[in-house]
Amino acid sequence: MKFNFLAVFIFIITFNTEAQEFKSPLDYLNYIGKEQESISKSMWKYTSAVAHSKSARRIDNTRKLLVKSIQTASKKIAALQNGYQGDTEFRDQIIDYLAISEKNINEEYDKIIDMQEVAEQSYDAMEAYIMMRDLVNKKIEAENEKANLAQKKFCAKYNIKLTEDSSELSKKIKISNEVFEYHTQLYLIFFKANVTDLYLSEAIKKSDIGAIQQNAATLIQYADEGLEKLKTIKPFNADNSMVTATKKALEYYKKEGQQFAPKVIEFLMFNEKFESAKKSLESKSDKDRTKEEIDNYNGMVKQINKEIENYNKINNTNYQENNAVINGWNSAGDTFISTHVPVG
C-alpha cells in the first residue's frame with residue numbers, strides 16, 4: 001500500500017505590523033514579508049495537491065513551482081545589497097533560510113523518494129523513511145526560527161511593533177501539519193501489522209511451516225500492541241474514523257494469526273504426509289505394495305481432495321477479507337486527509 005507523502009512543510013510566518021510612522025524600515029520589512037508570503041502560498045498549493053490530488057505529476061509540478069518561488073524570492077532579497085541603510089543582518093538570515101529550504105525541498109526530496117520506494121519492505125525501513133522526512137522538516141524549522149528571531153530583532157531595533165500572524169494561510173498550514181501528523185501516527189500502528197501480514201503471505205506461498213508459525217505469532221503480538229495503543233489515541237476533531245479503521249484492521253490481523261494460519265499449517269502438514277505416502281508407494285513395484293499401503297493411500301486421496309477444497313475456501317475468504325481491510329484503511333486515510341486538510 002502507498003502512504004500519502006508530503007516531502008516537507010515550511011513554517012513561514014508572514015506578519016502584520018503596526019506603527020506606520022516608521023515608513024522606511026517598515027517598507028523594507030514589508031518588502032521581504034511580501035516575498036515570504038509568496039512562498040507560503042506556493043507551499044500551500046503543494047500541501048493541498050498532496051492532500052487532494054491523486055496525480056503524481058501535479059504534485060511534482062507544484063513542488064517545482066515551490067522551488068521556483070523560493071529561488072525568485074531569494075534573488076530579489078539578495079539584490080538588496082545594502083539591506084536597510086547598511087543593516088543586512090535580517091536580509092542575510094532570510095537568504096540563509098531560503099537557501100536551506102530550497103536545498104532540502106529540491107535535493108533532499110530525491111533522497112526521501114528513494115527511501116519511500118523501499119520503505120514498505122519492512123517496519124524499520126518505514127520508520128527510517130519517516131525519520132528522514134521529519135529530519136528535513138526540522139532542519140527547515142530550525143532555519144525558520146533563526147529567520148523569525150532576526151525579524152524580531154530588526155523590529156525591536158527600529159521600534160516596529162510586530163503582531164502574531166493570524167492569516168488564513170498560516171491557519172491552513174498549521175491544520176495540515178496536524179492532520180498529517182495524526183495520520184502518520186495511525187499509519188505506523190497499522191503498518192507494523194500490515195507488513196508482518198505480507199511476510200506471513202510469503203511464508204504461505206513457500207509452504208514454510210516454521211516461518212508461518214513465527215510470523216503468525218508476531219502478527220498476533222503486533223495486533224495486540226496496536227490495539228492497546230489505540231486506546232490512548234483520541235479522535236481528531238471528533239473524527240474517529242482513522243482509529244476505527246485501524247482497529248478493524250488489527251482485529252482482522254489478530255484473527256488471521258489465531259485462526260487462519262493454524263488451518264494453513266494443518267493443511268500443509270497433511271499434504272506433506274500425503275506426498276510422503278505417495279512417494280513411498282510409487283517407489284515400490286506393484287508386487288511389493290501391500291493391501292494396507294494401497295488402502296491407506298486411497299483413503300488419503302479422498303481426504304486430500306476434501307482438504308484442498310476446504311483450504312481453497314478458507315484461503316479465498318481470507319484473501320477477500322484481507323483486501324477489504326487494506327482497501328478500507330486506505331480509503332479511510334484518503335478520506336480523512338482530504339476532509340481535514342483545507343481546500344483552496
# chains A, B, ... in the order shown; residues from 1 in each chain; ligands from 1

$ residues_around --residues "Asn240 of chain A" --least-positions-apart "4" --cutoff "12 Å" --atoms "only C-alpha atoms" --output "VMD selection string"
chain A and resid 182 to 183 186 230 to 231 233 to 236 244 to 247 332 to 333 336

$ write_last_selection --atoms "C-alpha atoms" --output "PDB file, in the first residue's frame"
ATOM      1  CA  TYR A 182      -2.178  12.280  13.180  1.00  0.00           C
ATOM      2  CA  HIS A 183      -2.394  10.177  10.012  1.00  0.00           C
ATOM      3  CA  LEU A 186      -2.133   5.730  12.961  1.00  0.00           C
ATOM      4  CA  LEU A 230      -5.360   2.797  20.039  1.00  0.00           C
ATOM      5  CA  LYS A 231      -6.951   3.088  23.485  1.00  0.00           C
ATOM      6  CA  ILE A 233      -5.496   7.935  20.839  1.00  0.00           C
ATOM      7  CA  LYS A 234      -8.319  10.441  20.835  1.00  0.00           C
ATOM      8  CA  PRO A 235     -10.479  11.310  17.811  1.00  0.00           C
ATOM      9  CA  PHE A 236      -9.233  14.097  15.561  1.00  0.00           C
ATOM     10  CA  THR A 244     -11.908   2.757  13.810  1.00  0.00           C
ATOM     11  CA  ALA A 245     -10.290   1.669  10.518  1.00  0.00           C
ATOM     12  CA  THR A 246      -7.028   0.795  12.275  1.00  0.00           C
ATOM     13  CA  LYS A 247      -8.843  -1.161  14.989  1.00  0.00           C
ATOM     14  CA  ALA A 332     -10.338   5.896   5.394  1.00  0.00           C
ATOM     15  CA  GLY A 333      -6.897   7.509   5.255  1.00  0.00           C
ATOM     16  CA  PHE A 336      -9.503  11.664   6.488  1.00  0.00           C
TER      17      PHE A 336
END

$ residues_around --residues "segment 199-216 of chain A" --least-positions-apart "6" --cutoff "10 Å" --atoms "only C-alpha atoms" --output "PyMOL selection string"
chain A and resi 121-122+193+222+253-262+264-266+268-269+272

$ atom_distance --atom1 "atom CA of Glu178 of chain A" --atom2 "atom CA of Asp96 of chain A"
26.8 Å

$ residues_around --residues "Glu307 of chain A" --least-positions-apart "5" --cutoff "10 Å" --atoms "only C-alpha atoms" --output "PDB file with N, CA and C atoms, in the first residue's frame"
ATOM      1  N   GLU A 266      -2.125 -26.835   9.304  1.00  0.00           N
ATOM      2  CA  GLU A 266      -2.762 -28.157   9.349  1.00  0.00           C
ATOM      3  C   GLU A 266      -2.864 -28.755   7.951  1.00  0.00           C
ATOM      4  N   PHE A 267      -3.253 -27.929   6.975  1.00  0.00           N
ATOM      5  CA  PHE A 267      -3.358 -28.412   5.597  1.00  0.00           C
ATOM      6  C   PHE A 267      -1.990 -28.796   5.045  1.00  0.00           C
ATOM      7  N   LEU A 268      -0.992 -27.968   5.286  1.00  0.00           N
ATOM      8  CA  LEU A 268       0.355 -28.232   4.752  1.00  0.00           C
ATOM      9  C   LEU A 268       0.952 -29.497   5.363  1.00  0.00           C
ATOM     10  N   PHE A 270      -0.735 -32.116   6.515  1.00  0.00           N
ATOM     11  CA  PHE A 270      -1.409 -33.274   5.925  1.00  0.00           C
ATOM     12  C   PHE A 270      -0.931 -33.493   4.495  1.00  0.00           C
ATOM     13  N   ASN A 271      -0.716 -32.404   3.773  1.00  0.00           N
ATOM     14  CA  ASN A 271      -0.245 -32.519   2.392  1.00  0.00           C
ATOM     15  C   ASN A 271       1.143 -33.142   2.343  1.00  0.00           C
ATOM     16  N   MET A 300      -6.305 -41.570   1.754  1.00  0.00           N
ATOM     17  CA  MET A 300      -5.694 -40.247   1.824  1.00  0.00           C
ATOM     18  C   MET A 300      -6.016 -39.429   0.573  1.00  0.00           C
ATOM     19  N   VAL A 301      -6.176 -40.110  -0.563  1.00  0.00           N
ATOM     20  CA  VAL A 301      -6.532 -39.404  -1.801  1.00  0.00           C
ATOM     21  C   VAL A 301      -7.906 -38.746  -1.645  1.00  0.00           C
ATOM     22  N   LYS A 302      -8.856 -39.516  -1.088  1.00  0.00           N
ATOM     23  CA  LYS A 302     -10.185 -38.960  -0.872  1.00  0.00           C
ATOM     24  C   LYS A 302     -10.134 -37.781   0.113  1.00  0.00           C
ATOM     25  N   ASN A 312      -9.028 -24.181  -0.126  1.00  0.00           N
ATOM     26  CA  ASN A 312      -9.310 -23.158  -1.143  1.00  0.00           C
ATOM     27  C   ASN A 312     -10.411 -22.203  -0.683  1.00  0.00           C
ATOM     28  N   LYS A 313     -11.390 -22.746   0.028  1.00  0.00           N
ATOM     29  CA  LYS A 313     -12.489 -21.914   0.527  1.00  0.00           C
ATOM     30  C   LYS A 313     -11.999 -20.931   1.587  1.00  0.00           C
TER      31      LYS A 313
END

$ atom_distance --atom1 "atom CA of Gln185 of chain A" --atom2 "atom CA of Ala125 of chain A"
15.7 Å

$ atom_distance --atom1 "atom CA of Ala150 of chain A" --atom2 "atom CA of Tyr84 of chain A"
13.4 Å

$ closest_residue --among "A:Asn137, A:Asn318, A:Gln221, A:Asn296" --to "Lys263 of chain A" --atoms "only C-alpha atoms"
A:Asn318

$ closest_residue --among "A:Ala142, A:Ile105, A:Leu250, A:Ala119" --to "Asp60 of chain A" --atoms "only C-alpha atoms"
A:Ile105
